[in-house]
file input_24.pdb (PDB, C-alpha atoms)
ATOM      1  CA  MET A 341      72.228  41.060  36.596
ATOM      2  CA  LYS A 342      74.672  41.752  39.345
ATOM      3  CA  THR A 343      74.027  44.511  41.815
ATOM      4  CA  ILE A 344      76.559  47.281  42.506
ATOM      5  CA  LYS A 345      77.314  45.796  45.900
ATOM      6  CA  GLU A 346      78.080  42.431  44.343
ATOM      7  CA  ILE A 347      80.354  44.074  41.806
ATOM      8  CA  GLU A 348      82.158  46.023  44.576
ATOM      9  CA  ASN A 349      82.775  42.807  46.472
ATOM     10  CA  MET A 350      84.300  41.035  43.453
ATOM     11  CA  THR A 351      88.049  40.516  43.239
ATOM     12  CA  ILE A 352      90.259  41.855  40.411
ATOM     13  CA  THR A 353      90.561  38.337  38.928
ATOM     14  CA  GLU A 354      86.799  37.908  38.782
ATOM     15  CA  LEU A 355      86.395  41.373  37.186
ATOM     16  CA  GLU A 356      88.994  40.496  34.526
ATOM     17  CA  LYS A 357      87.113  37.291  33.723
ATOM     18  CA  LEU A 358      83.906  39.229  33.371
ATOM     19  CA  SER A 359      85.534  41.787  31.059
ATOM     20  CA  GLN A 360      86.748  39.000  28.815
ATOM     21  CA  ASP A 361      83.245  37.532  28.673
ATOM     22  CA  GLU A 362      81.990  38.562  25.225
ATOM     23  CA  GLY A 363      78.475  37.569  26.120
ATOM     24  CA  ILE A 364      78.080  40.713  28.139
ATOM     25  CA  THR A 365      77.299  43.672  25.849
ATOM     26  CA  VAL A 366      78.304  47.215  26.741
ATOM     27  CA  PRO A 367      75.757  49.915  25.844
ATOM     28  CA  GLU A 368      76.853  52.410  23.201
ATOM     29  CA  GLY A 369      78.534  55.503  24.604
ATOM     30  CA  PHE A 370      78.944  53.823  28.007
ATOM     31  CA  GLY A 371      82.716  54.235  27.989
ATOM     32  CA  ARG A 372      82.519  57.929  27.234
ATOM     33  CA  SER A 373      79.861  58.623  29.853
ATOM     34  CA  LEU A 374      81.859  56.611  32.422
ATOM     35  CA  GLU A 375      84.937  58.649  31.628
ATOM     36  CA  GLU A 376      83.002  61.908  31.988
ATOM     37  CA  THR A 377      81.519  60.757  35.287
ATOM     38  CA  VAL A 378      84.939  59.875  36.665
ATOM     39  CA  ASN A 379      86.399  63.232  35.539
ATOM     40  CA  LEU A 380      83.499  65.075  37.129
ATOM     41  CA  GLN A 381      84.008  63.198  40.354
ATOM     42  CA  CYS A 382      87.685  64.030  40.364
ATOM     43  CA  ARG A 383      86.910  67.705  39.922
ATOM     44  CA  VAL A 384      84.363  67.655  42.745
ATOM     45  CA  GLU A 385      86.876  65.968  45.030
ATOM     46  CA  ALA A 386      89.508  68.531  44.136
ATOM     47  CA  LEU A 387      87.125  71.409  44.945
ATOM     48  CA  THR A 388      85.944  69.939  48.215
ATOM     49  CA  SER A 389      89.494  69.240  49.300
ATOM     50  CA  GLU A 390      90.357  72.958  48.719
ATOM     51  CA  GLU A 391      87.401  74.055  50.822
ATOM     52  CA  SER A 392      88.240  71.661  53.603
ATOM     53  CA  GLN A 393      91.757  73.085  53.899
ATOM     54  CA  PRO A 394      92.093  75.602  56.666
ATOM     55  CA  LYS A 395      92.188  79.181  55.402
ATOM     56  CA  ARG A 396      95.618  80.784  55.442
ATOM     57  CA  ARG A 397      95.014  83.496  57.951
ATOM     58  CA  MET A 398      98.548  83.927  59.136
ATOM     59  CA  PRO A 399      99.804  86.134  56.256
ATOM     60  CA  LEU A 400      96.841  88.529  56.679
ATOM     61  CA  VAL A 401      97.453  88.801  60.432
ATOM     62  CA  TRP A 402     101.117  89.540  59.963
ATOM     63  CA  MET A 403     100.305  92.066  57.247
ATOM     64  CA  SER A 404      98.004  93.934  59.608
ATOM     65  CA  VAL A 405     100.645  93.817  62.351
ATOM     66  CA  ALA A 406     103.260  95.158  59.947
ATOM     67  CA  ALA A 407     100.867  97.916  58.819
ATOM     68  CA  SER A 408     100.128  98.919  62.436
ATOM     69  CA  VAL A 409     103.811  99.026  63.326
ATOM     70  CA  ALA A 410     104.546 101.057  60.196
ATOM     71  CA  VAL A 411     101.810 103.581  61.072
ATOM     72  CA  ILE A 412     102.974 103.909  64.674
ATOM     73  CA  ALA A 413     106.606 104.198  63.633
ATOM     74  CA  GLY A 414     105.686 106.817  61.046
ATOM     75  CA  VAL A 415     103.690 108.858  63.557
ATOM     76  CA  GLY A 416     106.453 108.559  66.129
ATOM     77  CA  PHE A 417     109.125 109.506  63.625
ATOM     78  CA  GLY A 418     107.044 112.456  62.506
ATOM     79  CA  ILE A 419     106.600 113.661  66.054
ATOM     80  CA  VAL A 420     110.300 113.241  66.892
ATOM     81  CA  ARG A 421     111.342 115.022  63.722
ATOM     82  CA  HIS A 422     108.906 117.835  64.369
ATOM     83  CA  GLU A 423     110.027 118.207  67.980
ATOM     84  CA  SER A 424     113.750 118.194  67.250
ATOM     85  CA  ALA A 425     116.011 120.669  69.037
ATOM     86  CA  PRO A 426     115.421 124.271  67.914
ATOM     87  CA  LYS A 427     118.154 126.581  66.675
ATOM     88  CA  ASP A 428     120.008 128.901  69.025
ATOM     89  CA  THR A 429     118.560 132.410  68.838
ATOM     90  CA  PHE A 430     121.921 134.041  69.534
ATOM     91  CA  SER A 431     125.379 133.258  68.238
ATOM     92  CA  ASP A 432     127.021 135.691  70.695
ATOM     93  CA  PRO A 433     127.235 134.300  74.268
ATOM     94  CA  TYR A 434     127.131 137.835  75.732
ATOM     95  CA  LEU A 435     123.738 138.476  74.107
ATOM     96  CA  ALA A 436     122.495 135.088  75.275
ATOM     97  CA  TYR A 437     123.638 135.868  78.811
ATOM     98  CA  ALA A 438     121.892 139.262  78.677
ATOM     99  CA  GLU A 439     118.675 137.451  77.767
ATOM    100  CA  VAL A 440     119.062 135.068  80.725
ATOM    101  CA  GLU A 441     119.564 138.060  83.025
ATOM    102  CA  LYS A 442     116.452 139.706  81.573
ATOM    103  CA  ALA A 443     114.475 136.536  82.263
ATOM    104  CA  PHE A 444     115.578 136.413  85.885
ATOM    105  CA  THR A 445     114.723 140.108  86.210
ATOM    106  CA  LYS A 446     111.209 139.419  84.909
ATOM    107  CA  MET A 447     110.808 136.580  87.394
ATOM    108  CA  SER A 448     112.019 138.727  90.256
ATOM    109  CA  ASP A 449     109.607 141.536  89.216
ATOM    110  CA  GLY A 450     106.793 139.050  89.580
ATOM    111  CA  MET A 451     108.082 137.974  92.971
ATOM    112  CA  LYS A 452     108.469 141.601  94.068
ATOM    113  CA  LYS A 453     104.804 142.216  93.306
ATOM    114  CA  GLY A 454     103.824 139.193  95.346
ATOM    115  CA  MET A 455     106.005 140.223  98.253
ATOM    116  CA  ALA A 456     104.652 143.815  98.154
ATOM    117  CA  MET A 457     101.099 142.484  98.325
ATOM    118  CA  ALA A 458     102.077 140.195 101.207
ATOM    119  CA  GLU A 459     103.543 143.157 103.093
ATOM    120  CA  GLU A 460     100.371 145.199 102.573
ATOM    121  CA  SER A 461      98.253 142.399 103.898
ATOM    122  CA  GLN A 462     100.638 142.026 106.829
ATOM    123  CA  ALA A 463      99.995 145.698 107.750
ATOM    124  CA  VAL A 464      96.243 145.014 107.775
ATOM    125  CA  VAL A 465      96.712 141.853 109.827
ATOM    126  CA  GLY A 466      98.946 143.833 112.224
ATOM    127  CA  LYS A 467      96.226 146.454 112.739
ATOM    128  CA  ALA A 468      93.610 143.791 113.387
ATOM    129  CA  SER A 469      95.772 142.015 115.950
ATOM    130  CA  ALA A 470      96.517 145.373 117.689
ATOM    131  CA  VAL A 471      92.764 146.024 117.985
ATOM    132  CA  LEU A 472      92.192 142.530 119.409
ATOM    133  CA  GLU A 473      94.995 143.016 121.942
ATOM    134  CA  ARG A 474      93.495 146.324 123.122
ATOM    135  CA  GLN A 475      90.095 144.724 123.543
ATOM    136  CA  GLU A 476      91.639 141.877 125.548
ATOM    137  CA  ILE A 477      93.413 144.380 127.855
ATOM    138  CA  LEU A 478      90.171 146.339 128.386
ATOM    139  CA  ARG A 479      88.312 143.102 129.178
ATOM    140  CA  LEU A 480      90.931 142.047 131.696
ATOM    141  CA  ARG A 481      90.862 145.505 133.350
ATOM    142  CA  SER A 482      87.081 145.446 133.655
ATOM    143  CA  GLU A 483      87.244 142.068 135.427
TER     144      GLU A 483
ATOM    145  CA  MET B 709      94.416  89.607  67.559
ATOM    146  CA  LYS B 710      92.882  91.488  70.470
ATOM    147  CA  LYS B 711      96.279  91.518  72.188
ATOM    148  CA  LEU B 712      97.843  93.107  69.107
ATOM    149  CA  TYR B 713      95.220  95.855  68.999
ATOM    150  CA  PHE B 714      95.713  96.464  72.719
ATOM    151  CA  ILE B 715      99.488  96.785  72.270
ATOM    152  CA  ALA B 716      98.988  99.151  69.328
ATOM    153  CA  ILE B 717      96.651 101.333  71.412
ATOM    154  CA  LEU B 718      99.180 101.425  74.272
ATOM    155  CA  LEU B 719     101.930 102.490  71.878
ATOM    156  CA  LEU B 720      99.771 105.292  70.514
ATOM    157  CA  ALA B 721      98.919 106.415  74.043
ATOM    158  CA  ALA B 722     102.622 106.444  74.888
ATOM    159  CA  ILE B 723     103.272 108.718  71.938
ATOM    160  CA  GLY B 724     100.501 110.992  73.121
ATOM    161  CA  ALA B 725     101.963 111.124  76.585
ATOM    162  CA  TYR B 726     105.261 112.317  75.091
ATOM    163  CA  ALA B 727     103.622 115.651  74.286
ATOM    164  CA  GLN B 728     104.068 118.336  76.901
ATOM    165  CA  ASP B 729     107.125 120.089  78.129
ATOM    166  CA  GLY B 730     108.691 123.497  77.708
ATOM    167  CA  LYS B 731     110.555 122.457  74.576
ATOM    168  CA  ASN B 732     107.389 121.171  72.894
ATOM    169  CA  ILE B 733     105.473 124.349  73.729
ATOM    170  CA  TYR B 734     108.368 126.423  72.392
ATOM    171  CA  ASN B 735     108.544 124.370  69.183
ATOM    172  CA  ARG B 736     104.816 124.662  68.667
ATOM    173  CA  TYR B 737     104.537 128.447  68.935
ATOM    174  CA  SER B 738     107.991 129.888  68.214
ATOM    175  CA  ASP B 739     107.257 130.385  64.512
ATOM    176  CA  SER B 740     103.757 131.788  64.988
ATOM    177  CA  LYS B 741     102.758 135.321  64.139
ATOM    178  CA  GLY B 742     102.976 137.808  67.010
ATOM    179  CA  VAL B 743     105.452 135.637  68.932
ATOM    180  CA  SER B 744     108.977 136.579  69.835
ATOM    181  CA  ALA B 745     110.985 133.528  70.835
ATOM    182  CA  VAL B 746     114.365 132.940  72.421
ATOM    183  CA  TYR B 747     116.140 129.598  72.737
ATOM    184  CA  ILE B 748     119.541 129.048  74.324
ATOM    185  CA  SER B 749     121.107 125.620  73.922
ATOM    186  CA  PRO B 750     123.370 123.711  76.348
ATOM    187  CA  ALA B 751     126.329 124.451  74.048
ATOM    188  CA  MET B 752     125.656 128.200  74.272
ATOM    189  CA  PHE B 753     125.387 127.927  78.069
ATOM    190  CA  ARG B 754     128.824 126.305  78.128
ATOM    191  CA  LEU B 755     130.165 129.299  76.185
ATOM    192  CA  ILE B 756     128.431 131.687  78.575
ATOM    193  CA  GLY B 757     129.988 129.832  81.500
ATOM    194  CA  LYS B 758     133.409 130.680  80.120
ATOM    195  CA  ILE B 759     132.733 134.440  80.222
ATOM    196  CA  PRO B 760     135.158 135.757  82.874
ATOM    197  CA  GLU B 761     132.903 138.158  84.779
ATOM    198  CA  LEU B 762     129.550 136.743  85.574
ATOM    199  CA  ASN B 763     129.334 138.051  89.119
ATOM    200  CA  VAL B 764     126.319 139.707  90.657
ATOM    201  CA  GLU B 765     126.864 142.214  93.423
ATOM    202  CA  SER B 766     124.853 141.748  96.565
ATOM    203  CA  GLU B 767     124.909 142.752 100.206
ATOM    204  CA  GLY B 768     126.557 139.489 101.138
ATOM    205  CA  GLY B 769     129.229 139.911  98.469
ATOM    206  CA  ASN B 770     129.601 138.900  94.846
ATOM    207  CA  VAL B 771     127.867 135.759  93.643
ATOM    208  CA  ASP B 772     129.418 133.864  90.766
ATOM    209  CA  LEU B 773     126.727 132.942  88.239
ATOM    210  CA  ALA B 774     129.005 130.655  86.239
ATOM    211  CA  PRO B 775     128.286 127.472  88.262
ATOM    212  CA  LEU B 776     124.537 128.019  87.835
ATOM    213  CA  ILE B 777     124.851 128.795  84.123
ATOM    214  CA  ARG B 778     126.889 125.618  83.575
ATOM    215  CA  THR B 779     124.077 123.480  85.039
ATOM    216  CA  LEU B 780     121.498 124.745  82.537
ATOM    217  CA  ASP B 781     120.372 122.479  79.687
ATOM    218  CA  GLY B 782     117.971 124.757  77.886
ATOM    219  CA  PHE B 783     116.310 128.134  78.004
ATOM    220  CA  TYR B 784     112.993 128.666  76.232
ATOM    221  CA  MET B 785     111.200 131.995  76.181
ATOM    222  CA  LEU B 786     108.050 133.052  74.365
ATOM    223  CA  ASP B 787     106.665 136.585  74.394
ATOM    224  CA  ILE B 788     103.241 136.495  72.763
ATOM    225  CA  SER B 789     101.184 139.495  71.836
ATOM    226  CA  GLU B 790      98.861 137.760  69.354
ATOM    227  CA  LYS B 791      95.458 137.694  71.067
ATOM    228  CA  ALA B 792      94.316 134.646  69.119
ATOM    229  CA  ILE B 793      96.870 132.374  70.778
ATOM    230  CA  ILE B 794      97.313 133.959  74.228
ATOM    231  CA  ASP B 795      94.662 131.746  75.825
ATOM    232  CA  GLU B 796      95.848 128.701  73.883
ATOM    233  CA  VAL B 797      99.427 129.053  75.137
ATOM    234  CA  ALA B 798      98.255 129.645  78.704
ATOM    235  CA  SER B 799      96.105 126.521  78.469
ATOM    236  CA  GLN B 800      99.026 124.479  77.101
ATOM    237  CA  VAL B 801     101.182 125.587  80.018
ATOM    238  CA  ASP B 802      98.391 124.648  82.450
ATOM    239  CA  GLN B 803      98.196 121.180  80.912
ATOM    240  CA  MET B 804     101.975 120.790  81.061
ATOM    241  CA  VAL B 805     101.984 121.718  84.709
ATOM    242  CA  LYS B 806      99.104 119.404  85.576
ATOM    243  CA  LYS B 807     100.625 116.390  83.792
ATOM    244  CA  GLY B 808     104.152 116.850  85.142
ATOM    245  CA  ARG B 809     105.601 116.908  88.633
ATOM    246  CA  TYR B 810     105.448 120.687  88.826
ATOM    247  CA  GLU B 811     105.115 122.379  92.181
ATOM    248  CA  ILE B 812     103.771 125.912  92.339
ATOM    249  CA  LEU B 813     106.295 128.287  93.836
ATOM    250  CA  MET B 814     104.319 131.491  93.650
ATOM    251  CA  GLU B 815     101.152 132.975  92.193
ATOM    252  CA  VAL B 816     100.288 136.660  92.026
ATOM    253  CA  LYS B 817      97.041 138.074  90.661
ATOM    254  CA  ASP B 818      97.016 141.813  90.383
ATOM    255  CA  GLU B 819      95.147 144.305  88.142
ATOM    256  CA  GLY B 820      94.210 141.711  85.558
ATOM    257  CA  GLU B 821      97.681 140.143  85.429
ATOM    258  CA  ASN B 822      98.293 136.576  86.553
ATOM    259  CA  VAL B 823     101.883 135.585  87.338
ATOM    260  CA  ARG B 824     102.890 132.053  88.278
ATOM    261  CA  MET B 825     106.140 130.228  88.902
ATOM    262  CA  TYR B 826     106.599 126.461  89.035
ATOM    263  CA  THR B 827     109.518 124.184  89.778
ATOM    264  CA  VAL B 828     110.262 120.504  89.300
ATOM    265  CA  GLY B 829     112.879 118.783  91.403
ATOM    266  CA  ASN B 830     113.662 117.783  94.943
ATOM    267  CA  ASP B 831     114.985 119.466  98.115
ATOM    268  CA  LYS B 832     118.435 120.000  96.646
ATOM    269  CA  THR B 833     118.041 120.406  92.899
ATOM    270  CA  ILE B 834     115.655 122.058  90.479
ATOM    271  CA  GLU B 835     115.266 120.285  87.129
ATOM    272  CA  SER B 836     112.934 122.796  85.545
ATOM    273  CA  LEU B 837     111.784 126.303  86.349
ATOM    274  CA  VAL B 838     108.684 127.618  84.606
ATOM    275  CA  PHE B 839     107.437 131.190  84.686
ATOM    276  CA  ILE B 840     104.243 132.441  83.079
ATOM    277  CA  ALA B 841     102.846 135.962  83.214
ATOM    278  CA  LYS B 842      99.505 136.525  81.504
ATOM    279  CA  ASP B 843      97.312 139.535  81.055
ATOM    280  CA  ASP B 844      94.681 140.479  78.464
ATOM    281  CA  ALA B 845      97.211 141.773  75.955
ATOM    282  CA  SER B 846     100.145 139.363  76.220
ATOM    283  CA  VAL B 847     101.621 136.274  77.774
ATOM    284  CA  GLN B 848     105.238 135.605  78.654
ATOM    285  CA  PHE B 849     106.442 132.039  79.051
ATOM    286  CA  ILE B 850     109.912 131.173  80.327
ATOM    287  CA  CYS B 851     111.171 127.641  80.866
ATOM    288  CA  ILE B 852     114.662 126.920  82.165
ATOM    289  CA  ASP B 853     115.794 123.286  82.232
ATOM    290  CA  GLY B 854     118.869 121.938  83.941
ATOM    291  CA  THR B 855     120.205 120.482  87.149
ATOM    292  CA  MET B 856     120.283 123.643  89.245
ATOM    293  CA  SER B 857     121.128 123.818  92.897
ATOM    294  CA  ARG B 858     117.977 124.953  94.680
ATOM    295  CA  SER B 859     119.880 127.176  97.071
ATOM    296  CA  ASP B 860     121.714 128.891  94.186
ATOM    297  CA  VAL B 861     118.458 129.641  92.405
ATOM    298  CA  GLU B 862     116.805 130.940  95.574
ATOM    299  CA  ASN B 863     119.801 133.170  96.360
ATOM    300  CA  LEU B 864     119.880 134.507  92.824
ATOM    301  CA  ILE B 865     116.202 135.411  92.764
ATOM    302  CA  ALA B 866     116.443 136.931  96.233
ATOM    303  CA  GLN B 867     119.280 139.145  94.996
ATOM    304  CA  TYR B 868     117.291 140.384  92.037
ATOM    305  CA  VAL B 869     114.285 141.050  94.309
ATOM    306  CA  ALA B 870     116.448 143.044  96.713
ATOM    307  CA  GLU B 871     117.673 145.389  93.933
TER     308      GLU B 871
END

call {"tool": "encode", "arguments": {"input": "input_24.pdb", "output": "structure tokens"}}
result
Amino acid sequence: MKTIKEIENMTITELEKLSQDEGITVPEGFGRSLEETVNLQCRVEALTSEESQPKRRMPLVWMSVAASVAVIAGVGFGIVRHESAPKDTFSDPYLAYAEVEKAFTKMSDGMKKGMAMAEESQAVVGKASAVLERQEILRLRSE
Amino acid sequence: MKKLYFIAILLLAAIGAYAQDGKNIYNRYSDSKGVSAVYISPAMFRLIGKIPELNVESEGGNVDLAPLIRTLDGFYMLDISEKAIIDEVASQVDQMVKKGRYEILMEVKDEGENVRMYTVGNDKTIESLVFIAKDDASVQFICIDGTMSRSDVENLIAQYVAE
């Protein structure tokens, strides 16, 4: 009986001769089991070839990029829409001008307070420097 | 992938940095309860600039306000008496001032009232003038944006102080 290696090394011509040799009997059901084995092997090869293919990551990456951009654009658009220019409070320019004048008056009131406090402190500083001058004069006289 | 996340984070940070200026503070609180708000747009300032008599009398003679008015881009004012948001608004203004290029012009603390004025600009022009006066019962916030001549603004305020 030939070994599998011997059979693998045989040429097509030799295999044809063997197949025509009626002296060699084929076991019952051999053809069907061979067919099933070959089909099974084909299926296994098909599965392993799918696994060996590199996973398609690119679409997922681009989907996440698109989602991020959409979120950022949505947030930005929301902010811009929310912060859009407000409506004029007055339709009459005279009233608007009066409000501007009032604002400058308020600012000047604040500045007036600051200047008044600065003047008060200047009076105190003036007194202190007058006292120091007198003491200096007395010291010079005593020398 | 890490680069993409980094870029996304930078974009979000940029949006965050967009936050604070007078207009944003005005938009945030102008519709709140206990807030009286005034906004004057550049278009309204152009109309004001066309008013014939915008002179202010002073010792040195009349000063024409029209050139100053025409340089203004926006006027935002909030007068808040709602105690719940007084501190919040004051804090927002503090943040705005810290983040921007604001320079303090004046601060007065007297009898529980804190008054501050800030400007943004250079030696010749003022781009933004911010005024905030806060006490226990109220806070007033005024923000004037534009390209104002510094000397014009100083003269104007000096005239009001002298009155």

call {"tool": "closest_residue", "arguments": {"input": "input_24.pdb", "among": "B:Lys791, B:Lys741, B:Arg736, B:Lys806", "to": "chain A", "atoms": "all atoms listed in the file"}}
result
B:Arg736

call {"tool": "closest_residue", "arguments": {"input": "input_24.pdb", "among": "A:Met341, A:Met447, A:Ala425, A:Val384", "to": "Arg824 (chain B)", "atoms": "all atoms listed in the file"}}
result
A:Met447

call {"tool": "residues_around", "arguments": {"input": "input_24.pdb", "residues": "Ala438 (chain A)", "least_positions_apart": "5", "cutoff": "12 Å", "atoms": "all atoms listed in the file", "output": "PyMOL selection string"}}
result
(chain A and resi 430+432-433+443-445) or (chain B and resi 746+748+753+756+759+762)

call {"tool": "interface_residues", "arguments": {"input": "input_24.pdb", "of": "chain A", "to": "chain B", "cutoff": "12 Å", "atoms": "all atoms listed in the file", "output": "PyMOL selection string"}}
result
chain A and resi 397-398+400-402+404-458

call {"tool": "residues_around", "arguments": {"input": "input_24.pdb", "residues": "Lys832 (chain B)", "least_positions_apart": "6", "cutoff": "8 Å", "atoms": "only C-alpha atoms", "output": "compact mmCIF listing (two decimals) with C-alpha atoms, in the frame of the given file"}}
result
# COMPACT_ATOMS: atom_id res chain seq x y z
CA SER B 857 121.13 123.82 92.90
CA ARG B 858 117.98 124.95 94.68
CA SER B 859 119.88 127.18 97.07

call {"tool": "axis_aligned_box", "arguments": {"input": "input_24.pdb", "around": "region 792-801 of chain B", "padding_each_side": "8 Å", "output": "lines of an AutoDock Vina configuration file"}}
result
center_x = 97.7
center_y = 129.6
center_z = 74.6
size_x = 22.9
size_y = 26.2
size_z = 26.9

call {"tool": "atom_distance", "arguments": {"input": "input_24.pdb", "atom1": "CA of Lys357 (chain A)", "atom2": "CA of Leu374 (chain A)"}}
result
20.1 Å

call {"tool": "atom_distance", "arguments": {"input": "input_24.pdb", "atom1": "CA of Gln800 (chain B)", "atom2": "CA of Asn830 (chain B)"}}
result
24.0 Å

call {"tool": "atom_distance", "arguments": {"input": "input_24.pdb", "atom1": "CA of Val366 (chain A)", "atom2": "CA of Gln381 (chain A)"}}
result
21.8 Å

call {"tool": "resolve_selection", "arguments": {"input": "input_24.pdb", "expression": "the PyMOL selection byres ((chain B and resi 794) around 10)", "output": "VMD selection string"}}
result
chain B and resid 742 to 743 787 to 793 795 to 799 842 to 848

call {"tool": "write_last_selection", "arguments": {"input": "input_24.pdb", "atoms": "C-alpha atoms", "output": "compact mmCIF listing (two decimals), in the coordinates of the input"}}
result
# COMPACT_ATOMS: atom_id res chain seq x y z
CA GLY B 742 102.98 137.81 67.01
CA VAL B 743 105.45 135.64 68.93
CA ASP B 787 106.66 136.58 74.39
CA ILE B 788 103.24 136.50 72.76
CA SER B 789 101.18 139.50 71.84
CA GLU B 790 98.86 137.76 69.35
CA LYS B 791 95.46 137.69 71.07
CA ALA B 792 94.32 134.65 69.12
CA ILE B 793 96.87 132.37 70.78
CA ASP B 795 94.66 131.75 75.82
CA GLU B 796 95.85 128.70 73.88
CA VAL B 797 99.43 129.05 75.14
CA ALA B 798 98.26 129.65 78.70
CA SER B 799 96.10 126.52 78.47
CA LYS B 842 99.50 136.52 81.50
CA ASP B 843 97.31 139.54 81.06
CA ASP B 844 94.68 140.48 78.46
CA ALA B 845 97.21 141.77 75.96
CA SER B 846 100.14 139.36 76.22
CA VAL B 847 101.62 136.27 77.77
CA GLN B 848 105.24 135.60 78.65

call {"tool": "build_atoms", "arguments": {"input": "input_24.pdb", "residues": "region 439-454 of chain A", "atoms": "N, CA and C atoms", "output": "PDB file, in the coordinates of the input"}}
result
ATOM      1  N   GLU A 439     120.064 137.928  77.811  1.00  0.00           N
ATOM      2  CA  GLU A 439     118.675 137.451  77.767  1.00  0.00           C
ATOM      3  C   GLU A 439     118.327 136.652  79.022  1.00  0.00           C
ATOM      4  N   VAL A 440     119.279 135.847  79.494  1.00  0.00           N
ATOM      5  CA  VAL A 440     119.062 135.068  80.725  1.00  0.00           C
ATOM      6  C   VAL A 440     118.867 136.016  81.902  1.00  0.00           C
ATOM      7  N   GLU A 441     119.702 137.067  81.945  1.00  0.00           N
ATOM      8  CA  GLU A 441     119.564 138.060  83.025  1.00  0.00           C
ATOM      9  C   GLU A 441     118.205 138.738  82.974  1.00  0.00           C
ATOM     10  N   LYS A 442     117.772 139.061  81.736  1.00  0.00           N
ATOM     11  CA  LYS A 442     116.452 139.706  81.573  1.00  0.00           C
ATOM     12  C   LYS A 442     115.347 138.799  82.094  1.00  0.00           C
ATOM     13  N   ALA A 443     115.496 137.487  81.823  1.00  0.00           N
ATOM     14  CA  ALA A 443     114.475 136.536  82.263  1.00  0.00           C
ATOM     15  C   ALA A 443     114.407 136.483  83.781  1.00  0.00           C
ATOM     16  N   PHE A 444     115.568 136.437  84.420  1.00  0.00           N
ATOM     17  CA  PHE A 444     115.578 136.413  85.885  1.00  0.00           C
ATOM     18  C   PHE A 444     115.028 137.723  86.451  1.00  0.00           C
ATOM     19  N   THR A 445     115.282 138.823  85.776  1.00  0.00           N
ATOM     20  CA  THR A 445     114.723 140.108  86.210  1.00  0.00           C
ATOM     21  C   THR A 445     113.198 140.095  86.145  1.00  0.00           C
ATOM     22  N   LYS A 446     112.679 139.518  85.053  1.00  0.00           N
ATOM     23  CA  LYS A 446     111.209 139.419  84.909  1.00  0.00           C
ATOM     24  C   LYS A 446     110.634 138.588  86.044  1.00  0.00           C
ATOM     25  N   MET A 447     111.302 137.471  86.336  1.00  0.00           N
ATOM     26  CA  MET A 447     110.808 136.580  87.394  1.00  0.00           C
ATOM     27  C   MET A 447     110.854 137.303  88.730  1.00  0.00           C
ATOM     28  N   SER A 448     111.909 138.038  88.967  1.00  0.00           N
ATOM     29  CA  SER A 448     112.019 138.727  90.256  1.00  0.00           C
ATOM     30  C   SER A 448     110.988 139.854  90.349  1.00  0.00           C
ATOM     31  N   ASP A 449     110.660 140.503  89.207  1.00  0.00           N
ATOM     32  CA  ASP A 449     109.607 141.536  89.216  1.00  0.00           C
ATOM     33  C   ASP A 449     108.292 140.932  89.673  1.00  0.00           C
ATOM     34  N   GLY A 450     108.015 139.741  89.176  1.00  0.00           N
ATOM     35  CA  GLY A 450     106.793 139.050  89.580  1.00  0.00           C
ATOM     36  C   GLY A 450     106.809 138.736  91.061  1.00  0.00           C
ATOM     37  N   MET A 451     107.964 138.304  91.546  1.00  0.00           N
ATOM     38  CA  MET A 451     108.082 137.974  92.971  1.00  0.00           C
ATOM     39  C   MET A 451     107.979 139.231  93.819  1.00  0.00           C
ATOM     40  N   LYS A 452     108.555 140.325  93.328  1.00  0.00           N
ATOM     41  CA  LYS A 452     108.469 141.601  94.068  1.00  0.00           C
ATOM     42  C   LYS A 452     107.023 142.010  94.257  1.00  0.00           C
ATOM     43  N   LYS A 453     106.230 141.863  93.205  1.00  0.00           N
ATOM     44  CA  LYS A 453     104.804 142.216  93.306  1.00  0.00           C
ATOM     45  C   LYS A 453     104.136 141.389  94.384  1.00  0.00           C
ATOM     46  N   GLY A 454     104.421 140.102  94.369  1.00  0.00           N
ATOM     47  CA  GLY A 454     103.824 139.193  95.346  1.00  0.00           C
ATOM     48  C   GLY A 454     104.236 139.559  96.765  1.00  0.00           C
TER      49      GLY A 454
END
